[in-house]
2 protein chains.
Amino acid sequence: MYRLGVDLGGTNIAVGLVNENLELVKKLSVPTGATRPGEEIVADIAALCKKLCEDMGISLSDVVSIGIATPGIANHDTGVVEYANNLPFRKFPIAELLRKDLGEDVTVKIENDANAAAWGEACAGAAKGTRNSIMITLGTGVGGGIIIDNKVYSGFNYAGGELGHIVIQVDGAPCSCGRKGCWEAYSSATALIRMTKEKIEECKASGRATVMADAPKVSGRTACDAMRAGDEAAKEVYDKYIKYLASGLATIINIFQPEVISLGGGISGEGQSLIDSLLPIIRSEQYGGGVVEMTDIRIAKLGNDAGIIGAAML
Amino acid sequence: MYRLGVDLGGTNIAVGLVNENLELVKKLSVPTGATRPGEEIVADIAALCKKLCEDMGISLSDVVSIGIATPGIANHDTGVVEYANNLPFRKFPIAELLRKDLGEDVTVKIENDANAAAWGEACAGAAKGTRNSIMITLGTGVGGGIIIDNKVYSGFNYAGGELGHIVIQVDGAPCSCGRKGCWEAYSSATALIRMTKEKIEECKASGRATVMADAPKVSGRTACDAMRAGDEAAKEVYDKYIKYLASGLATIINIFQPEVISLGGGISGEGQSLIDSLLPIIRSEQYGGGVVEMTDIRIAKLGNDAGIIGAAML
């Protein structure tokens, strides 16, 4: 028994074949060409699905379902993408179009990409075996996916779960969404890079030494690596970043008290040391500590495949 | 068909009889005596239940279920209150004790009081007919209750839904919970009173005239009333309060996209004018505006009876 998962991004379309053990057997991808008409993007998805089956020597009728993880607001009841920021989708019936292109009686489900990744981690990754979990992706932005009672939760209009856009600092740093002070503006890799650059400038201005100034290009790892090398200024950046990240995570616990929060995205590459830095702050700020069982904070397991696997399992 | 709802507070125990139209038929109350042993509190709840049935000329066997809305962390699966701040409950099996006291084969359910109020509004109040709704109580604190898929959601450890304790201002005003910058520290009636007093002091210090300074006692209404009377300083207090309240509500929409958010508690007495002040800010800050159907913000309908009705309907 096979399922197909499609991870549709602004840059690439990736399609993967997932077996009954929820393992990704094979993956193919092509550039999205995000400015093309939606129908052409769907045609490429269909072609990838067929090619993948062909390569694996199976037929589409061996595939029990196809899931698409898409940016934007994905109506998982109708299969229509209501809106996407970086793709030409406005009330776009992507599921129906893919079914037509495949010319088969196949089931096509859709979900928002961050939600699909959370569902992937819940089915086969860091939150496997739980009923209520949250996934937070710390990348260019801060993405969120909410799993409640073994289902993706996205609200009555499918637009919920935007956990990066909770305001943690009223009148704070501007966010790409238009609000000020969103968690994303403090806890994304982009925010860490901004904080790192600010500290480098501050050090330059005051004549303070920091190895961060020697980095050829500032990335989300610059401050983390420099801190581990004993750089004090880098430790200040890291501690500040951790404080904001921990505050948002404690807020999410106070709201949801999920069994597991899994952390994905580039920053989660810091691994257990990231969690060790976060936990003391989270535990001191969360509700119910010492009285009831507490939310486990884990590094996500599926990496970039979470979206494909989650989509396949929709 | 009748149900009994118990609203157990730090000050009073109120018990109400709810009929099959979800109307509160009759209510009795006694002081809680919050420092007494839990068993005595339960004995009083049992006595009130019996008295209420007697007064109404019905028997306990006519009552299909009894629900208790209690402060603290209420395990609705076992009927045990894990912990309450203002009552002597530590792993207290309140449901079992009440069943024993009543000497009848009656079903007893329990729920956290804010959650029960949200459930009351969902069953018979402002959110009637919806599957996903949130209730926010703007009183001494900021209480929250989450209804998802027609059920109270409180996380895997029953401690969730603490919507007053989301941080909206990292390093901000101290909150009674120990965190800094919680929404409760900016949007409760207590916070509005604090902001009003601060503005009065500021006016006194600068010699600026404000009718708020004439209030015999500053309450949550002082700034609202003075603003309506044309007081500029009061308008500044009100606008600041509304800004924080709207920010938190937009955050809750970005997370949950519920069909309805109902506002209860003392501040909600401001009625439609409160909503009219909030909506422009919420709509400009929320995700999905103009693309998908939007969350309706409503004043709660059941007032102080929400907890009793919600408890009865557990």
# chains A, B, ... in the order shown; residues from 1 in each chain; ligands from 1

call {"tool": "residues_around", "arguments": {"residues": "stretch 28-30 of chain A", "least_positions_apart": "2", "cutoff": "6 Å", "atoms": "only C-alpha atoms", "output": "list of chain:residue names"}}
result
A:Asn12, A:Ile13, A:Ala14, A:Val15

call {"tool": "interface_residues", "arguments": {"of": "chain B", "to": "chain A", "cutoff": "6 Å", "atoms": "only C-alpha atoms", "output": "PyMOL selection string"}}
result
chain B and resi 155-156+160-163+166-170+179+251+254-258+285

call {"tool": "select_by_dssp", "arguments": {"residues": "stretch 36-81 of chain A", "states": "strand (DSSP E)", "output": "ChimeraX atom specification"}}
result
/A:63-70,73-75,80-81

call {"tool": "write_last_selection", "arguments": {"atoms": "N, CA and C atoms", "output": "JSON list (two decimals), in the first residue's frame"}}
result
[["chain", "number", "residue", "atom", "x", "y", "z"],
["A", 63, "VAL", "N", -1.91, 3.32, -5.45],
["A", 63, "VAL", "CA", -1.77, 4.46, -4.54],
["A", 63, "VAL", "C", -3.14, 4.75, -3.91],
["A", 64, "VAL", "N", -3.22, 4.63, -2.58],
["A", 64, "VAL", "CA", -4.53, 4.80, -1.95],
["A", 64, "VAL", "C", -4.94, 6.26, -1.83],
["A", 65, "SER", "N", -3.96, 7.16, -1.73],
["A", 65, "SER", "CA", -4.33, 8.57, -1.69],
["A", 65, "SER", "C", -3.14, 9.45, -2.00],
["A", 66, "ILE", "N", -3.45, 10.65, -2.46],
["A", 66, "ILE", "CA", -2.44, 11.66, -2.74],
["A", 66, "ILE", "C", -2.75, 12.87, -1.87],
["A", 67, "GLY", "N", -1.74, 13.41, -1.23],
["A", 67, "GLY", "CA", -1.95, 14.62, -0.43],
["A", 67, "GLY", "C", -1.04, 15.73, -0.92],
["A", 68, "ILE", "N", -1.55, 16.94, -0.88],
["A", 68, "ILE", "CA", -0.75, 18.10, -1.29],
["A", 68, "ILE", "C", -0.58, 19.04, -0.11],
["A", 69, "ALA", "N", 0.69, 19.34, 0.22],
["A", 69, "ALA", "CA", 1.00, 20.37, 1.20],
["A", 69, "ALA", "C", 1.28, 21.64, 0.43],
["A", 70, "THR", "N", 0.47, 22.65, 0.64],
["A", 70, "THR", "CA", 0.57, 23.88, -0.16],
["A", 70, "THR", "C", 0.73, 25.10, 0.75],
["A", 73, "ILE", "N", -3.88, 29.32, 2.51],
["A", 73, "ILE", "CA", -5.08, 28.85, 3.22],
["A", 73, "ILE", "C", -5.69, 27.72, 2.41],
["A", 74, "ALA", "N", -5.56, 26.50, 2.93],
["A", 74, "ALA", "CA", -6.00, 25.31, 2.21],
["A", 74, "ALA", "C", -7.28, 24.76, 2.83],
["A", 75, "ASN", "N", -8.35, 24.79, 2.10],
["A", 75, "ASN", "CA", -9.62, 24.23, 2.59],
["A", 75, "ASN", "C", -9.57, 22.71, 2.41],
["A", 80, "VAL", "N", -9.85, 23.15, -2.10],
["A", 80, "VAL", "CA", -9.59, 24.43, -2.75],
["A", 80, "VAL", "C", -8.57, 25.24, -1.94],
["A", 81, "VAL", "N", -7.54, 25.76, -2.62],
["A", 81, "VAL", "CA", -6.64, 26.71, -1.96],
["A", 81, "VAL", "C", -7.30, 28.09, -2.06]]

call {"tool": "atom_distance", "arguments": {"atom1": "atom CA of A:Ser187", "atom2": "atom CA of A:Pro174"}}
result
12.8 Å

call {"tool": "atom_distance", "arguments": {"atom1": "atom CA of B:Glu232", "atom2": "atom CA of B:Thr210"}}
result
7.5 Å

call {"tool": "residues_around", "arguments": {"residues": "B:Ile308", "least_positions_apart": "6", "cutoff": "7 Å", "atoms": "only C-alpha atoms", "output": "PyMOL selection string"}}
result
chain B and resi 5-7+15-16

call {"tool": "write_last_selection", "arguments": {"atoms": "C-alpha atoms", "output": "compact mmCIF listing (two decimals), in the first residue's frame"}}
result
# COMPACT_ATOMS: atom_id res chain seq x y z
CA GLY B 5 -24.81 22.92 37.47
CA VAL B 6 -22.46 23.89 40.30
CA ASP B 7 -20.35 27.04 40.07
CA VAL B 15 -26.00 25.59 42.31
CA GLY B 16 -28.57 25.92 39.55

call {"tool": "residues_around", "arguments": {"residues": "B:Arg3", "least_positions_apart": "5", "cutoff": "12 Å", "atoms": "only C-alpha atoms", "output": "VMD selection string"}}
result
chain B and resid 15 to 26 49 52 to 53 58 to 68 106 to 109 308 to 314

call {"tool": "closest_residue", "arguments": {"among": "A:Ala246, A:Ile275, A:Val218, A:Ala114", "to": "A:Ile134", "atoms": "only C-alpha atoms"}}
result
A:Ala114

call {"tool": "atom_distance", "arguments": {"atom1": "atom CA of A:Ile110", "atom2": "atom CA of A:Ala43"}}
result
16.1 Å

call {"tool": "residues_around", "arguments": {"residues": "stretch 97-105 of chain B", "least_positions_apart": "4", "cutoff": "7 Å", "atoms": "only C-alpha atoms", "output": "list in words"}}
result
Val42, Ala43, Ala46 and Pro93 of chain B

call {"tool": "decode", "arguments": {"residues": "stretch 158-213 of chain A", "atoms": "C-alpha atoms", "output": "PDB file, in the first residue's frame"}}
result
ATOM      1  CA  TYR A 158      -8.890  26.818   7.479  1.00  0.00           C
ATOM      2  CA  ALA A 159      -6.686  29.867   8.184  1.00  0.00           C
ATOM      3  CA  GLY A 160      -5.703  29.039  11.789  1.00  0.00           C
ATOM      4  CA  GLY A 161      -2.481  27.706  13.225  1.00  0.00           C
ATOM      5  CA  GLU A 162      -0.505  30.833  12.331  1.00  0.00           C
ATOM      6  CA  LEU A 163       1.626  30.476  15.442  1.00  0.00           C
ATOM      7  CA  GLY A 164       4.400  32.699  14.090  1.00  0.00           C
ATOM      8  CA  HIS A 165       1.955  35.581  14.104  1.00  0.00           C
ATOM      9  CA  ILE A 166       1.171  35.800  17.776  1.00  0.00           C
ATOM     10  CA  VAL A 167       2.345  39.156  19.080  1.00  0.00           C
ATOM     11  CA  ILE A 168       4.900  38.791  21.883  1.00  0.00           C
ATOM     12  CA  GLN A 169       5.902  42.461  21.926  1.00  0.00           C
ATOM     13  CA  VAL A 170       3.172  45.028  21.290  1.00  0.00           C
ATOM     14  CA  ASP A 171       4.666  47.834  19.118  1.00  0.00           C
ATOM     15  CA  GLY A 172       7.749  45.650  18.635  1.00  0.00           C
ATOM     16  CA  ALA A 173       9.800  44.694  15.580  1.00  0.00           C
ATOM     17  CA  PRO A 174       7.943  44.874  12.255  1.00  0.00           C
ATOM     18  CA  CYS A 175       6.813  41.522  10.845  1.00  0.00           C
ATOM     19  CA  SER A 176       6.416  40.538   7.199  1.00  0.00           C
ATOM     20  CA  CYS A 177       2.701  39.998   7.901  1.00  0.00           C
ATOM     21  CA  GLY A 178       2.118  43.672   8.646  1.00  0.00           C
ATOM     22  CA  ARG A 179       1.772  43.332  12.431  1.00  0.00           C
ATOM     23  CA  LYS A 180       4.410  44.577  14.819  1.00  0.00           C
ATOM     24  CA  GLY A 181       6.056  42.366  17.439  1.00  0.00           C
ATOM     25  CA  CYS A 182       5.108  38.939  16.072  1.00  0.00           C
ATOM     26  CA  TRP A 183       6.932  35.916  17.478  1.00  0.00           C
ATOM     27  CA  GLU A 184       8.298  35.385  13.960  1.00  0.00           C
ATOM     28  CA  ALA A 185      10.069  38.757  14.142  1.00  0.00           C
ATOM     29  CA  TYR A 186      11.999  37.495  17.204  1.00  0.00           C
ATOM     30  CA  SER A 187      12.339  33.741  16.800  1.00  0.00           C
ATOM     31  CA  SER A 188      12.850  33.010  13.107  1.00  0.00           C
ATOM     32  CA  ALA A 189      16.319  32.371  11.674  1.00  0.00           C
ATOM     33  CA  THR A 190      15.862  35.741   9.968  1.00  0.00           C
ATOM     34  CA  ALA A 191      15.413  37.383  13.377  1.00  0.00           C
ATOM     35  CA  LEU A 192      18.488  35.641  14.782  1.00  0.00           C
ATOM     36  CA  ILE A 193      20.509  36.883  11.815  1.00  0.00           C
ATOM     37  CA  ARG A 194      19.191  40.422  12.424  1.00  0.00           C
ATOM     38  CA  MET A 195      20.138  40.247  16.114  1.00  0.00           C
ATOM     39  CA  THR A 196      23.570  38.904  15.197  1.00  0.00           C
ATOM     40  CA  LYS A 197      24.197  41.706  12.714  1.00  0.00           C
ATOM     41  CA  GLU A 198      23.025  44.311  15.231  1.00  0.00           C
ATOM     42  CA  LYS A 199      25.443  42.960  17.826  1.00  0.00           C
ATOM     43  CA  ILE A 200      28.318  42.936  15.337  1.00  0.00           C
ATOM     44  CA  GLU A 201      27.597  46.597  14.532  1.00  0.00           C
ATOM     45  CA  GLU A 202      27.353  47.402  18.237  1.00  0.00           C
ATOM     46  CA  CYS A 203      30.712  45.707  18.872  1.00  0.00           C
ATOM     47  CA  LYS A 204      32.339  47.519  15.951  1.00  0.00           C
ATOM     48  CA  ALA A 205      31.038  50.863  17.197  1.00  0.00           C
ATOM     49  CA  SER A 206      32.324  50.283  20.724  1.00  0.00           C
ATOM     50  CA  GLY A 207      35.574  48.592  19.740  1.00  0.00           C
ATOM     51  CA  ARG A 208      34.552  45.333  21.460  1.00  0.00           C
ATOM     52  CA  ALA A 209      36.113  42.151  20.069  1.00  0.00           C
ATOM     53  CA  THR A 210      33.848  39.414  18.681  1.00  0.00           C
ATOM     54  CA  VAL A 211      34.636  36.508  16.370  1.00  0.00           C
ATOM     55  CA  MET A 212      31.197  37.015  14.814  1.00  0.00           C
ATOM     56  CA  ALA A 213      32.669  39.995  12.946  1.00  0.00           C
TER      57      ALA A 213
END
